[in-house]
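Participant: One structure coming up, written as structure tokens, with questions to follow.
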Amino acid sequence: MLIGADPPVIDYFIEALIATTGIAFASGVQFVVIGLWRRGEGIYLSYALLCVCIAALALGNVLLLRADTLAAATEAVRWMITAAIASFVPMVVFIRAYVGAGTHWRMLLAMGLLTAVFLWVNAVAPTTLFFSRLEIDQPIVLPWGERLYRVTGTGSIWGLAFHVASYAVFLWALGRAWAQYRGGDTLRAVLLGGCLVVQFAALLWGDIVVDLLRYRVPYLDAFAFLPFVLLMSLSLAAQMRQRTAQLEHARRQLEIEEGTRRAAEHSLRHLAYHDSLTGLPNRASALKRLAESRADALARGGCGALLLIDLDNFKTINDGLGHHVGDRLLQAMAERLLAAAPPDTLLARLGGDEFVLMLGLRERTPPDVQARAERIAQDMIALVSEPVMDGRRVLGVGASVGVAVYPVGEEDVAELLRRADIALYRAKAAGRNTVRVFLPPMQQEADRRLRLERGLRAALEQDCMGTQFALHFQPQITAEGELLGAEALLRWHHPQLGEVAPDKFIPLAEETGLIHALGAWVVDEACAHLRAWDRDGVAFGKSLAVNVSAWQLAHPHYAARLVAQVHAAGVAPARLTLELTESALLQDFDGAQATLQQLADAGFRLALDDFGVGYSSLSYLQHLPLDVIKIDRAFVSQLQADAGNPLAGFIVDVAHRLGIMAVAEGVETAFQRDALERMGCDGLQGYLISRPVDDAGFRRWVAAGQQAPVA
């Protein structure tokens, strides 16, 4: 440096413009990358183009202020105006996206046409869009000595139109910011409005102070865009962080929902294939596994076994103590059965108090798997039979088990399960708390039973009872030979099976609920025979006895229906004797006593059949309105010459002490007749007097006055 020379001048203004150019361009590049990464999101790409236009405007200012010729200055002005015109479309798109409004294609088309016109005029005009005449002016000298190149000239009509368009865009943008503020998005609206106000002020500065009043000061347009670039970048970055946080929160929520959905699916899948009370596999799961095991047995050899387990006496506990006690008992039984099940087996609950155990394919022959199944069943029965403590109550149940080995010719899983059910039915019929293995004759008996049920149902539903069923009559006489009456006995002639014994189809009718319709038909037939005998003068005795099932007596409306039925038939109730078994009374003694009292009040005679072979109790006998006690044939058959202390005499004495007639059934020998006569028995019934005969045979027997056996 020379002594006395002026210090070098630092171009602060130019350097600030260059810095503005760099900041704006860097923001543009950054948001181009962000916009492309965000899959072309409009707000980021339009803001990036706007930043590039601001950078170009600042760069044009640098070129103008450092120009050394009028031609260079003219090109710099043309560059600046091009950048300003090009900013119209991204400015509109950005503002609408920033305030949350979509961009209409008509507005974009209009702005695009206006921009194209301005760009074309600016490109072809000799002195740019702004000026009709352009010349060099005195340079601007800033306080620190920096000299800035300056031009002046006469404005053009196109320049005025550009200024009007610029003011319109700024005012529209301010209006959108105000609407955003009123909509509640305060912070973002204030940032946008502040930036627009600064730019609008810079625009007024250039148009009024610099152009109109001719002050020798530089334009501040480029600097006015700097707050816009910085603040909007921060705002968009904050918005992007907020959206990223929202997306992250949404992602976490979706992960939580996905976990919840998977847990729900797992729970539903578990519920679909497991029992909710015991946690064991349910019927659907057991049948699926059984089908798979049977398919493996058919494909690879080996044998398996299906154990169908039913709890004995569970219904009594469940109904008497409540379902909550029954549920706890089922859970305890499930734990015991699971403890007794070998590791290679599957235990499942079919429903109610039925469980199923499926043995694997370890054994190679049916006898081996059958022996193993019986051993396991016996262990389970022993374990289940142990008492269960429920609070202070001691509960006792048993188990009946039906076993079916597979594959041994069954068609499918349904038939295999049916075989196990048949074996279970046999186990229950054998006294319960035992195990039975399915054998082919069981299927034949089950088929026969099914044919009987179908035939019985068809006879009732198709109204062909009169062609298949008939009443036979067995006379009842006194020891002196006087006819007391007769017992009506139902007979069934099956179209294919022939004669079916009552002990075969009566229990079946009771189990299927057909006993009510069958009993009503019997009463109708009995009343019809009574009317016919009265019409024809048949002296059949005092009354006709018909049997009543325990299921009929348990019906709440049985007494009322029977009274109405007999009255409708035109028969006095006193001419019918209703014979009941002890089991009909013991199931619900209080209810049975009330029903019998209604029947006695209506005039029916009541007889207790098969007395002495059940749970006979004198304590309840004296409370029932009975007219007749029938001595079971088991006691009559004991009346032999070498037998002592016959119980039949005791029953006769009890009946007489209670004021009830005693009628012995099953009288087959003269010795039995004489012995009963000596005991004072009131009535006799059996083959010695007559076998059960049809209506014609009974009429002949009465007419002939016979008391000897009838062939």
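A note on labels: chains of the structure tokens are A, B, ... as shown, every chain counts residues from 1, and ligands are counted from 1 in their shown order.
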Excluding Arg336 in chain A and its own-chain neighbours fewer than 6 positions away, which residues fall within 12 Å of it when counting only C-alpha atoms? Please give them as number ranges by chain.
Facilitator: A: 278, 329-330, 347, 355, 379-388, 399
Participant: DSSP on the backbone, strand (DSSP E or B) only: what residues of range 147-267 of chain A does that give? Format it as a PyMOL selection string.
Facilitator: chain A and resi 147-148+151-155
Participant: Those residues you just picked out, can you put them in a file as a compact mmCIF listing (two decimals), in the first residue's frame with N, CA and C atoms?
Facilitator:
# COMPACT_ATOMS: atom_id res chain seq x y z
N ARG A 147 -19.51 2.01 -5.43
CA ARG A 147 -20.16 2.60 -6.58
C ARG A 147 -20.97 1.52 -7.30
N LEU A 148 -22.24 1.83 -7.60
CA LEU A 148 -23.15 0.89 -8.24
C LEU A 148 -23.60 1.46 -9.57
N VAL A 151 -28.95 2.62 -14.48
CA VAL A 151 -29.55 3.02 -15.76
C VAL A 151 -30.89 3.67 -15.46
N THR A 152 -31.35 4.43 -16.39
CA THR A 152 -32.66 5.07 -16.29
C THR A 152 -33.30 5.04 -17.66
N GLY A 153 -34.59 5.35 -17.72
CA GLY A 153 -35.25 5.33 -19.01
C GLY A 153 -36.73 5.65 -18.85
N THR A 154 -37.43 5.52 -19.98
CA THR A 154 -38.86 5.80 -20.02
C THR A 154 -39.62 4.47 -19.93
N GLY A 155 -40.58 4.41 -18.99
CA GLY A 155 -41.34 3.18 -18.81
C GLY A 155 -42.29 2.89 -19.96
Participant: Would you please work out which residue, of A:Asp694, A:Val654, A:Lys315, A:Tyr620, is nearest to Leu471 in chain A when using only C-alpha atoms?
Facilitator: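 Comparing A:Asp694, A:Val654, A:Lys315, A:Tyr620 against Leu471 in chain A, the winner is A:Asp694.
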Participant: Skipping near chain neighbours, those fewer than 5 positions away, what residues fall within 10 Å of range 62-70 of chain A using only C-alpha atoms, listed as an MDAnalysis selection string?
Facilitator: chainID A and resid 13:18 21 56:57 75:80 134:137 139:140 147:151 218 222
Participant: Let me make sure I understand: among A:Ala429, A:Leu416, A:Ala299, A:Leu338, which one has the smallest atom-to-atom distance to Asp312 in chain A if we use only C-alpha atoms?
Facilitator: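 Checking each of A:Ala429, A:Leu416, A:Ala299, A:Leu338 against Asp312 in chain A, counting only C-alpha atoms, the winner is A:Ala429.
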Participant: Find, counting only C-alpha atoms, the residue in A:Asp610, A:Gly570, A:Pro475, A:Arg133 that gets nearest to Gly686 in chain A.
Facilitator: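 Of A:Asp610, A:Gly570, A:Pro475, A:Arg133, the one nearest Gly686 in chain A, counting only C-alpha atoms, is A:Pro475.
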Participant: Apply DSSP to the backbone of this structure and, from range 202-249 of chain A, keep only the residues in alpha helix (DSSP H); write these as a ChimeraX atom specification.
Facilitator: /A:202-204,221-249
Participant: Pick out the residues sitting within 12 Å of range 180-194 of chain A, and hand them over as an mmCIF file with C-alpha atoms, in the first residue's frame; count only C-alpha atoms, and ignore anything fewer than 4 positions along from it in its own chain.
Facilitator:
data_model
loop_
_atom_site.group_PDB
_atom_site.id
_atom_site.type_symbol
_atom_site.label_atom_id
_atom_site.label_comp_id
_atom_site.auth_asym_id
_atom_site.auth_seq_id
_atom_site.Cartn_x
_atom_site.Cartn_y
_atom_site.Cartn_z
ATOM 1 C CA PHE A 94 -46.823 -22.391 -3.523
ATOM 2 C CA ILE A 95 -49.241 -19.969 -1.828
ATOM 3 C CA ARG A 96 -52.262 -22.182 -2.515
ATOM 4 C CA ALA A 97 -50.423 -25.284 -1.315
ATOM 5 C CA TYR A 98 -49.111 -23.461 1.766
ATOM 6 C CA VAL A 99 -52.579 -22.358 2.886
ATOM 7 C CA GLY A 100 -54.050 -25.794 2.165
ATOM 8 C CA ALA A 101 -55.999 -24.989 -1.004
ATOM 9 C CA PHE A 170 -49.125 -9.905 -3.901
ATOM 10 C CA LEU A 171 -52.540 -8.670 -2.800
ATOM 11 C CA TRP A 172 -54.075 -12.072 -3.612
ATOM 12 C CA ALA A 173 -51.332 -13.778 -1.607
ATOM 13 C CA LEU A 174 -51.935 -11.433 1.349
ATOM 14 C CA GLY A 175 -55.650 -12.272 1.150
ATOM 15 C CA ARG A 176 -54.890 -16.000 1.283
ATOM 16 C CA VAL A 198 -41.691 -7.104 3.407
ATOM 17 C CA GLN A 199 -41.673 -7.940 -0.302
ATOM 18 C CA PHE A 200 -44.598 -5.642 -0.940
ATOM 19 C CA ALA A 201 -42.764 -2.820 0.861
ATOM 20 C CA ALA A 224 -36.683 -8.354 0.436
ATOM 21 C CA PHE A 225 -36.922 -11.955 -0.766
ATOM 22 C CA PRO A 227 -36.676 -13.187 4.742
ATOM 23 C CA PHE A 228 -39.108 -15.062 2.531
ATOM 24 C CA VAL A 229 -36.485 -17.657 1.666
ATOM 25 C CA LEU A 230 -35.282 -18.049 5.237
ATOM 26 C CA LEU A 231 -38.624 -17.968 7.028
ATOM 27 C CA MET A 232 -40.465 -20.095 4.520
ATOM 28 C CA SER A 233 -37.617 -22.618 4.562
ATOM 29 C CA LEU A 234 -37.872 -22.797 8.327
ATOM 30 C CA SER A 235 -41.654 -23.024 8.139
ATOM 31 C CA LEU A 236 -41.574 -25.791 5.559
ATOM 32 C CA ALA A 237 -38.866 -27.615 7.486
ATOM 33 C CA ALA A 238 -40.941 -27.381 10.666
ATOM 34 C CA GLN A 239 -44.006 -28.497 8.752
#
Participant: Please identify all polymer residues within 12 Å of Glu415 in chain A, counting only C-alpha atoms, omitting same-chain residues fewer than 6 positions from it, and present them as a ChimeraX atom specification.
Facilitator: /A:287,290-291,306,404-409,421-422,438,443
Participant: Store the residues picked out above in a file with N, CA, C and O atoms, as a short mmCIF file (atom, residue, chain, number, x, y, z; two decimals), in the first residue's frame.
Facilitator:
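The resulting file, out_28.cif, is shown below:
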data_model
loop_
_atom_site.label_atom_id
_atom_site.label_comp_id
_atom_site.auth_asym_id
_atom_site.auth_seq_id
_atom_site.Cartn_x
_atom_site.Cartn_y
_atom_site.Cartn_z
N LEU A 287 -62.27 -83.05 15.18
CA LEU A 287 -62.64 -83.72 13.93
C LEU A 287 -61.58 -83.52 12.86
O LEU A 287 -61.29 -84.43 12.07
N LEU A 290 -58.69 -85.76 13.80
CA LEU A 290 -59.09 -87.15 13.61
C LEU A 290 -59.07 -87.53 12.14
O LEU A 290 -58.62 -88.62 11.76
N ALA A 291 -59.53 -86.61 11.28
CA ALA A 291 -59.50 -86.88 9.84
C ALA A 291 -58.05 -87.02 9.35
O ALA A 291 -57.74 -87.90 8.53
N LEU A 306 -60.47 -94.10 19.07
CA LEU A 306 -61.23 -92.93 19.51
C LEU A 306 -61.99 -93.30 20.76
O LEU A 306 -62.77 -94.26 20.76
N ALA A 404 -63.85 -96.79 19.77
CA ALA A 404 -63.95 -97.22 18.38
C ALA A 404 -62.54 -97.22 17.79
O ALA A 404 -61.83 -96.22 17.85
N VAL A 405 -62.13 -98.35 17.23
CA VAL A 405 -60.81 -98.49 16.62
C VAL A 405 -60.90 -98.12 15.14
O VAL A 405 -61.91 -98.37 14.49
N TYR A 406 -59.85 -97.49 14.62
CA TYR A 406 -59.82 -97.12 13.20
C TYR A 406 -58.42 -97.36 12.64
O TYR A 406 -57.44 -97.36 13.40
N PRO A 407 -58.28 -97.58 11.34
CA PRO A 407 -59.37 -97.77 10.36
C PRO A 407 -59.74 -99.24 10.27
O PRO A 407 -58.88 -100.10 10.09
N VAL A 408 -61.03 -99.51 10.41
CA VAL A 408 -61.52 -100.89 10.32
C VAL A 408 -62.79 -100.92 9.47
O VAL A 408 -63.79 -101.53 9.85
N GLY A 409 -62.76 -100.24 8.34
CA GLY A 409 -63.87 -100.31 7.40
C GLY A 409 -64.85 -99.17 7.47
O GLY A 409 -65.81 -99.15 6.69
N ASP A 421 -70.05 -93.49 19.61
CA ASP A 421 -71.26 -93.11 20.32
C ASP A 421 -72.14 -94.34 20.61
O ASP A 421 -72.76 -94.43 21.68
N ILE A 422 -72.17 -95.27 19.68
CA ILE A 422 -72.93 -96.51 19.91
C ILE A 422 -72.31 -97.29 21.06
O ILE A 422 -73.02 -97.80 21.95
N PHE A 438 -66.61 -100.80 20.50
CA PHE A 438 -67.57 -101.02 19.42
C PHE A 438 -67.30 -102.35 18.73
O PHE A 438 -66.16 -102.68 18.38
N GLN A 443 -73.61 -102.19 15.69
CA GLN A 443 -74.09 -101.39 14.58
C GLN A 443 -75.41 -101.95 14.06
O GLN A 443 -76.33 -101.19 13.72
#
Participant: Please provide as a PDB file with N, CA, C and O atoms, in the first residue's frame all residues within 8 Å of Leu639 in chain A, with the sequence filter that same-chain residues fewer than 3 positions apart are discarded (counting only C-alpha atoms).
Facilitator:
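That gives us part.pdb:
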ATOM      1  N   PHE A 635     -92.602-111.501  42.612  1.00  0.00           N
ATOM      2  CA  PHE A 635     -93.050-112.032  43.904  1.00  0.00           C
ATOM      3  C   PHE A 635     -94.050-113.174  43.718  1.00  0.00           C
ATOM      4  O   PHE A 635     -94.097-114.118  44.513  1.00  0.00           O
ATOM      5  N   VAL A 636     -94.853-113.087  42.654  1.00  0.00           N
ATOM      6  CA  VAL A 636     -95.826-114.157  42.386  1.00  0.00           C
ATOM      7  C   VAL A 636     -95.102-115.442  42.008  1.00  0.00           C
ATOM      8  O   VAL A 636     -95.493-116.550  42.416  1.00  0.00           O
ATOM      9  N   ALA A 643     -91.377-122.906  49.164  1.00  0.00           N
ATOM     10  CA  ALA A 643     -90.919-121.566  49.523  1.00  0.00           C
ATOM     11  C   ALA A 643     -91.611-121.125  50.801  1.00  0.00           C
ATOM     12  O   ALA A 643     -92.799-121.383  51.009  1.00  0.00           O
ATOM     13  N   PRO A 646     -93.473-115.877  51.982  1.00  0.00           N
ATOM     14  CA  PRO A 646     -93.595-115.107  50.726  1.00  0.00           C
ATOM     15  C   PRO A 646     -93.859-113.628  50.998  1.00  0.00           C
ATOM     16  O   PRO A 646     -94.641-113.274  51.883  1.00  0.00           O
ATOM     17  N   PHE A 671    -101.387-123.379  41.943  1.00  0.00           N
ATOM     18  CA  PHE A 671    -100.856-123.187  43.294  1.00  0.00           C
ATOM     19  C   PHE A 671    -100.736-121.704  43.614  1.00  0.00           C
ATOM     20  O   PHE A 671    -101.060-121.273  44.731  1.00  0.00           O
ATOM     21  N   GLN A 672    -100.225-120.914  42.651  1.00  0.00           N
ATOM     22  CA  GLN A 672    -100.102-119.476  42.871  1.00  0.00           C
ATOM     23  C   GLN A 672    -101.475-118.854  43.106  1.00  0.00           C
ATOM     24  O   GLN A 672    -101.650-117.998  43.977  1.00  0.00           O
ATOM     25  N   ALA A 675    -102.658-119.816  46.609  1.00  0.00           N
ATOM     26  CA  ALA A 675    -101.896-119.110  47.640  1.00  0.00           C
ATOM     27  C   ALA A 675    -102.338-117.653  47.737  1.00  0.00           C
ATOM     28  O   ALA A 675    -102.492-117.098  48.839  1.00  0.00           O
TER      29      ALA A 675
END
Participant: Compile the contact shell of Phe314 in chain A as a list in words: residues with an atom at most 12 Å away, counting only C-alpha atoms, same-chain residues fewer than 2 positions apart removed.
Facilitator: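 My reading of the contact set: Asp310, Leu311, Asp312, Thr316, Ile317, Asn318, Asp319, Gly320, Leu321, Gly322, His323, Val325, Gly326, Asp327, Arg328, Leu329, Leu330, Met333, Gly352, Asp353, Glu354, Val384, Ser385, Leu395, Gly396, Val397, Gly398, Ala399 and Ser400 of chain A.
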Participant: Between CA of Pro367 in chain A and CA of Asn433 in chain A, measure the distance and give it in Å to one decimal.
Facilitator: 22.7 Å
